[in-house]
Amino acid sequence: MFPRLPTVTKALLIANVVLFVLQQPFLLGMQTFEPFMLWPLNGGGFDPFSPGQNFQPWQLLTYGFLHGGFTHLLFNMLALYMFGAPLELTWGEKRFATYYLVCVAGAGLCQLLVAALIGEGGPVLGASGGVFGLLLAFGMLFPNQRVMLLFPPIPMKARTFVIVFGAIELMLGFTGWQPGVAHFAHLGGMLFGWLLIRYWRGQPPFNRRGGGGRPNHLRRVK
């Protein structure tokens with residue numbers, strides 16, 4: 001089944017797994033990848049000549065390919081496999097890759113903003129921002145597709161799935177009931193994914209004149 005995956009989805013899965021293996025202590029170790037984690041703006045400041053435990057622009061993408069543990073990697077890659085493949089087959093390689101990376105970077109920007117406002121000082125890593133963007137897109141393009149929760153195993157429509165997860169992330173983000181998780185990065189991935197889809201469709205707040213030349217598959221949301 002793995003060889004049948006579309007190109008970009010397969011490349012993302014391989015890249016995340018390979019980098020996770022390299023993060024292990026018996027190879028390069030986590031310290032090697034500190035310059036590629038997403039560090040807050042109010043931490044060590046921005047020093048382009050001494051990357052380390054401080055913010056660097058490239059971290060807005062690179063943090064999304066690093067993970068803090070096997071379970072973290074497993075759930076993100078499972079979601080990438082489930083939602084990424086059908087989206088790439090619908091959109092094509094270029095549009096799918098653009099969407100995923102925009103969600104990763106958008107999630108990073110939202111996390112930086114929230115961290116600056118509340119004074120958080122720790123680094124962020126993980127593909128969850130991009131994955132939540134994929135989840136949103138799947139719910140918008142295939143709203144009536146049935147998906148199954150893992151815990152508990154309850155089937156529901158994709159649109160309901162997105163709403164439930166978005167509400168949970170919002171609640172956890174504001175209450176702080178699950179510390180150590182960048183909930184606002186997850187919401188940022190969904191927000192930027194929603195904005196990009198609206199832009200492609202020429203919908204508010206990105207109204208376009210004429211309306212020609214937009215792919216029909218971007219109109220699948222009612």
# chains A, B, ... in the order shown; residues from 1 in each chain; ligands from 1
>>> residues_around(residues="segment 183-191 of chain A", least_positions_apart="6", cutoff="7 Å", atoms="only C-alpha atoms", output="ChimeraX atom specification")
/A:103-104,106-108,110-111,128-130,132-133,136,166,169,172-173
>>> residues_around(residues="Leu74 of chain A", least_positions_apart="5", cutoff="12 Å", atoms="only C-alpha atoms", output="ChimeraX atom specification")
/A:13,16-17,20,67-69,79-81,126-128
>>> select_by_dssp(residues="segment 7-200 of chain A", states="strand (DSSP E or B)", output="list of chain:residue names")
A:Leu38, A:Val124, A:Arg146, A:Val147, A:Met148, A:Pro155, A:Met156, A:Lys157
>>> select_by_dssp(residues="segment 76-199 of chain A", states="helix (DSSP H, G or I)", output="MDAnalysis selection string")
chainID A and resid 76:91 93:118 128:141 158:175 183:199
>>> atom_distance(atom1="atom CA of Leu125 of chain A", atom2="atom CA of Leu41 of chain A")
15.0 Å
>>> closest_atom_pairs(of="segment 48-77 of chain A", to="segment 96-102 of chain A", cutoff="10 Å", atoms="only C-alpha atoms", output="JSON lines")
{"residue": "A:Leu60", "atom": "CA", "partner": "A:Leu101", "partner_atom": "CA", "distance": 9.3}
{"residue": "A:Leu61", "atom": "CA", "partner": "A:Leu101", "partner_atom": "CA", "distance": 7.0}
{"residue": "A:Thr62", "atom": "CA", "partner": "A:Leu101", "partner_atom": "CA", "distance": 10.0}
{"residue": "A:Gly64", "atom": "CA", "partner": "A:Leu101", "partner_atom": "CA", "distance": 8.8}
